[in-house]
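Participant: My structure is below; once you've seen it, I'll send some questions.
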Amino acid sequence: MARNHIVATIGIGASILFAACHPASAQIKIGAVLSVTGPASFLGDPEKKTLEMYADAINAKGGVNGQKLQLVIYDDGGDANNARTFATRLVEEDKIVAMVGGTSTGATLAMIPVFEEAQIPFISLAGAVQIIEPVRKWVFKTPHTDRMACEKIFADLKHRNLTTIAIISGTDAFGKSMRDQCVAVAPKYGITIAHEETYGPRDSDMTPQLTNIKNTAGVQAVVNTGFGQGPAIVTRNYRQLGITLPFYQSHGVASKQFIDLAGAAAEGVRLPAAALLVAEKLPDSDPQKPVVVNYSREYQKQTGQAVSTFGGHAYDGLMILVQAMQRAKGTDKAQVRDEIEKTKGYIGTGGIVNMSPTDHVGLDLSAFRMLEIKNGDWTLVPDAGS
Amino acid sequence: MAEFLQFAFSGLTVGAVYALVALGFTLIYNASGVVNFAQGEFVMLGGMSTVFLALAGVPLPLAALIAVIVAVALGLALHRFAIEPARGAGAVTLIMITIGASIFLRGAAQIVFDKRFHSLPPLFGGDPIRFAGAAILPQSLVVLAGAAVVVVLLWGVIDRTLLGKAVIATAANRLAARLVGINTRRIVDFSFAVSAAIGAVAGILITPITLTSYDVGTLLALKGFAGAMLGGMGSAFGAVVGGLLLGLLEAFSAGYISSNYKDAVAFLVILAVLFVVPQGLLGRAQVERV
C-alpha cells in the first residue's frame, strides 16, 4: 500500500516536472481562412503558401517572444458562407489569438462580425474600402483599397486626356464595391461614365456585354473591375471583338496566372498594382526594393511559381502582426490590437504602412504603381499620373 | 444588325455545349429512365484530362482521344457500380445517386488535377473572323461543327443500325425488349458510354473559349438539363433545339435586357416549361391509361 503511494507520488511529480519543462502548449495560434480553391484560387493559394513559408521561417529563428507560431488554415472555397463557419470554428474551437485572412471581400465582410464580437485582431487580405470604412476597432487590412485603385486609374486616364469611359464589373462583392467607388470618385477627376455592364463571376462569355460597350458612342477607355477568372475572359473577349480602346484592369488580376489565361489578349492592358510585380525593375533608390526583391526570390525559390501581389499582402499581414506582438511583448489581444494600430513606417510589399486610429490600412496612393502588360510580363508605366 | 449577329453567335456557341449536354441527358433518360446529373462532370473531365495530358507532354490529338476514353470508362463505371445495383429504386433515389456521383467526380478532380483555371490552344488560331460587323472566333465554328457531326452520327447509328433499333426498343419498353432477346444491360451501358463521350467531346471543344476548371460541371449540368426540358425530355432532336435555344435566350437577355440576370434565364426557362408545357416543345405528353 505504502509502495503504491510512493510510486504514485513519483509519477505525479515526474509528469508535473515534465509538463513544466515542455512549452509545446504555449504556441501562438494564428487563424487564417483563405480561398485556396474556387474562383479566387489564384489569390488564396499564394496567400496560403506565403503564410506557411514565413511562419516556418520565423519559427526557425526562435518564434515570437520565444514562442512558436502555429497557423490554423481553413479553405473557404471562395464561398462567404463557408468563411463565416470557419471563422466561428477558429474562435470557439481553435481559440486563436489573431487572424490573418479573408481572401475576398465577400468572405471578409462575412467574418467581421465574428471577430468584432470575439475581440480578436483581424488583418484582412481583401480589397474593398468598406472593410476599413467605417473604421472598426478590431479590423485592419493590408491590400490597397478599391477606391485607391479607381483613383490611380482615373489619374492615369486624366494624364492621357481620356474623359469618357465604360465600366464592366463582376457582380461579386469586390467587383461591385470597386464599381461603386469608381462611380463615387469619377467627378473628382472629371471622368464621365457613359455605359455600364456586369457579368457573373462564373460566366464564360462576355461578348454580349462588350458588344454593347463597343456600340456606345464616345467611349474612350474601358475599366474592368473584378478578380479571378472573369477578367481573364473579359480580356480575351475584348480582343476577340477587336476593341482597341485603352483597357484597364483592377489590382484583382495582379498575378501571372491572369497573363497565362488571357494570353496574347493581355498585351497593352494597364492596371494599378503593388511594386512587388516589378521588383527587379525598380530603381535602386526605391525604399521598397530590398523587401520586394527578397520576398520575390524566396517565394519563387520555395514554390517554383511566379510571385503575385496576393502572396505579398499575406506576407505584410503576417509581418505587421508579428511585429505588433513583439512590441506588445505578448499575445494579449487588446495590446496586440493597439500595437497594430500604431504601425508606422513598416516597409512591406504593398507599400509603406502608417496606420492610425482613423486609418486601418495605412497606405497612400504612392503605394500603387501603374503597370502595363508587355510581352507577357509586367512593366512600369514611366510617367503615369500620381 | 451587327450586334444581333454577335449575340446570336455567342448564344449559339454556348448553346452548342448545352445542346450536347442535353443530348447526353436524353440518351440516358431514354435508355434507362434515369436523369443523370453527373452529365456536366463528363464535360469537365474531357477538358481537364486533355489539359493535363497535354501538360504532361502528350501530343494534343492523342490527349483528346485518351480524355474521351477516360470519360467513357467513367461513364460505364457510373452505370455498372452506381446505377445498376440500384435498378429497382425510384426515380428520385436514382437522381440522388447521380448527384452523389457528380460530387464524387468533382472532389476527385480537385485531387487528381488541381483547382486552377486552364485553357487549351484553339484549333485554328485565336484571330476572330469578321462577318457582317460581328467578330466570330474560329473555335466557335469548330464547336458548332462538332455538335452537328455528333448529332448526325448519333442519328445515323440510332436510325440506321440494328444497335440503334435495339436502343429505341429498350427506350420504348424495357421488358418487351428483353423478351425479344435484347441485352438491355448492354444497351444502357452503351447509352452511358456514348453520353460520356459526347460530354467529353463538348468539353474539349469549348475549353479554348470558356476555360475549364474542376467545378464547371455543376452549372453546365443544370443548364443542359434546362435545355433538355425545354426541348422535351426524351426527344433527342428536342434536346439539341432546347440547348441551342437556351444559349440564344441567355445571350439575347444579357445583351438586350441586362447581364445581371443571365444565369436566371435557365432557371426561369425550367419554371416556364413546367408551368406551361411540361412535356417540352417537342416532347410527347406522358399519358397513362388507368
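FYI, nothing fancy with the C-alpha cells labels: chains A, B, ... in order, residues from 1 per chain, ligands from 1 as they appear.
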Could you tell me which residues of chain A sit within 6 Å of chain B when counting only C-alpha atoms, and give me the result as an NGL selection string?
Facilitator: :A and (37 or 198-199 or 204 or 208-209 or 240-241)
Participant: Would you mind writing down, as JSON, numbers by chain, each residue of region 9-224 of chain A that DSSP on the backbone assigns to helix (DSSP H, G or I)?
Facilitator: {"A": [9, 10, 11, 12, 13, 14, 15, 16, 17, 18, 19, 20, 21, 23, 24, 25, 41, 42, 43, 44, 45, 46, 47, 48, 49, 50, 51, 52, 53, 54, 55, 56, 57, 58, 59, 60, 80, 81, 82, 83, 84, 85, 86, 87, 88, 89, 90, 91, 92, 93, 94, 105, 106, 107, 108, 109, 110, 111, 112, 113, 114, 115, 116, 117, 118, 129, 130, 131, 146, 147, 148, 149, 150, 151, 152, 153, 154, 155, 156, 157, 158, 159, 173, 174, 175, 176, 177, 178, 179, 180, 181, 182, 183, 184, 185, 186, 187, 188, 189, 207, 208, 209, 210, 211, 212, 213, 214]}
Participant: Just want the 8 Å neighbourhood of Ala38 (chain B), counted on only C-alpha atoms, with same-chain residues fewer than 5 positions away dropped. Output as a PyMOL selection string.
Facilitator: chain B and resi 98-99+101-102+217+221
Participant: Would you mind telling me which residue in B:Leu249, B:Leu23, B:Ile28, B:Val277 lies nearest to Ile95 (chain B) when using only C-alpha atoms?
Facilitator: B:Ile28
Participant: Using DSSP on the backbone, list every residue of region 158-333 of chain A that comes out as strand (DSSP E or B), and give them as number ranges by chain.
Facilitator: A: 164-170, 192-199, 221-225, 247-249, 270-273
Participant: So how many Å separate CA of Ile347 (chain A) and CA of Val361 (chain A), to one decimal?
Facilitator: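 According to the coordinates, CA of Ile347 (chain A) and CA of Val361 (chain A) are separated by 13.1 Å.
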Participant: Excluding Asp45 (chain A) and its own-chain neighbours fewer than 2 positions away, which residues fall within 9 Å of it when counting only C-alpha atoms? Please give them as an MDAnalysis selection string.
Facilitator: chainID A and resid 34:37 40:43 47:50 310:311
Participant: Residues as selected, C-alpha atoms, written as a CSV table (one decimal), in the first residue's frame, can you do that?
Facilitator:
```
chain,number,residue,atom,x,y,z
A,34,LEU,CA,-8.3,31.6,-47.3
A,35,SER,CA,-9.9,30.9,-50.7
A,36,VAL,CA,-7.4,28.3,-51.7
A,37,THR,CA,-9.8,26.7,-54.1
A,40,ALA,CA,-10.4,33.1,-56.1
A,41,SER,CA,-7.8,30.3,-56.0
A,42,PHE,CA,-5.1,32.3,-57.7
A,43,LEU,CA,-5.4,34.8,-54.8
A,47,GLU,CA,-1.5,33.5,-49.6
A,48,LYS,CA,-1.5,30.1,-48.0
A,49,LYS,CA,2.0,29.3,-49.3
A,50,THR,CA,3.3,32.6,-48.1
A,310,PHE,CA,-1.8,38.5,-53.1
A,311,GLY,CA,1.0,36.5,-51.5
```
Participant: Need to verify the contact set: region 342-344 of chain A, 12 Å, only C-alpha atoms, exclusion of same-chain residues closer than 3 positions in sequence. Can you return it as a PyMOL selection string?
Facilitator: chain A and resi 140+142+316-317+319-328+335-339+347-348+351-363
Participant: If we count only C-alpha atoms and set the cut-off at 12 Å, which residues sit around Gly234 (chain B), ignoring sequence neighbours fewer than 3 positions away in its own chain? Please answer as a count of residues only.
Facilitator: 36
Participant: Can you tell me which residues surround Ala202 (chain B) at a distance of at most 7 Å, considering only C-alpha atoms, apart from same-chain residues fewer than 2 positions away, and format the answer as a list in words?
Facilitator: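 Skipping anything fewer than 2 positions along the chain leaves Val17, Leu20, Val43, Ile198, Gly199, Ala200, Ile204, Leu205 and Ile206 of chain B.
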Participant: Save the residues we just selected, C-alpha atoms, as a PDB file, in the first residue's frame?
Facilitator:
```pdb
ATOM      1  CA  VAL B  17     -22.373  22.929 -75.429  1.00  0.00           C
ATOM      2  CA  LEU B  20     -24.537  18.297 -76.299  1.00  0.00           C
ATOM      3  CA  VAL B  43     -17.719  17.792 -69.928  1.00  0.00           C
ATOM      4  CA  ILE B 198     -20.458  13.332 -76.168  1.00  0.00           C
ATOM      5  CA  GLY B 199     -19.892  15.287 -72.956  1.00  0.00           C
ATOM      6  CA  ALA B 200     -16.131  14.867 -73.156  1.00  0.00           C
ATOM      7  CA  ILE B 204     -12.590  19.545 -75.264  1.00  0.00           C
ATOM      8  CA  LEU B 205     -14.059  21.763 -77.984  1.00  0.00           C
ATOM      9  CA  ILE B 206     -15.339  24.513 -75.670  1.00  0.00           C
TER      10      ILE B 206
END
```
Participant: When you count only C-alpha atoms, which of these residues is closest to Leu365 (chain A): A:Phe247, A:Tyr295, A:Phe154, A:Phe86?
Facilitator: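 So, comparing all the options, the nearest one is A:Phe154.
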Participant: Please produce, as CSV, a per-residue contact table for region 282-322 of chain A versus region 255-259 of chain A (criterion: any atom at most 10 Å away, only C-alpha atoms considered), showing the nearest atom pair and its distance in Å to one decimal, sorted by chain then residue number.
Facilitator:
```
residue,atom,partner,partner_atom,distance
A:Gln305,CA,A:Lys256,CA,8.9
A:Ala306,CA,A:Lys256,CA,6.5
A:Val307,CA,A:Ser255,CA,7.2
A:Ser308,CA,A:Ser255,CA,4.7
A:Thr309,CA,A:Ser255,CA,6.7
A:Phe310,CA,A:Ser255,CA,7.8
A:Gly311,CA,A:Ser255,CA,9.5
```
Participant: How many Å separate CA of Thr235 (chain A) from CA of Tyr189 (chain A)?
Facilitator: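 About the pair CA of Thr235 (chain A) and CA of Tyr189 (chain A): they are 25.1 Å apart.
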Participant: Could you tell me how far CA of Pro39 (chain A) lies from CA of Gly101 (chain A), in Å and to one decimal?
Facilitator: 16.5 Å
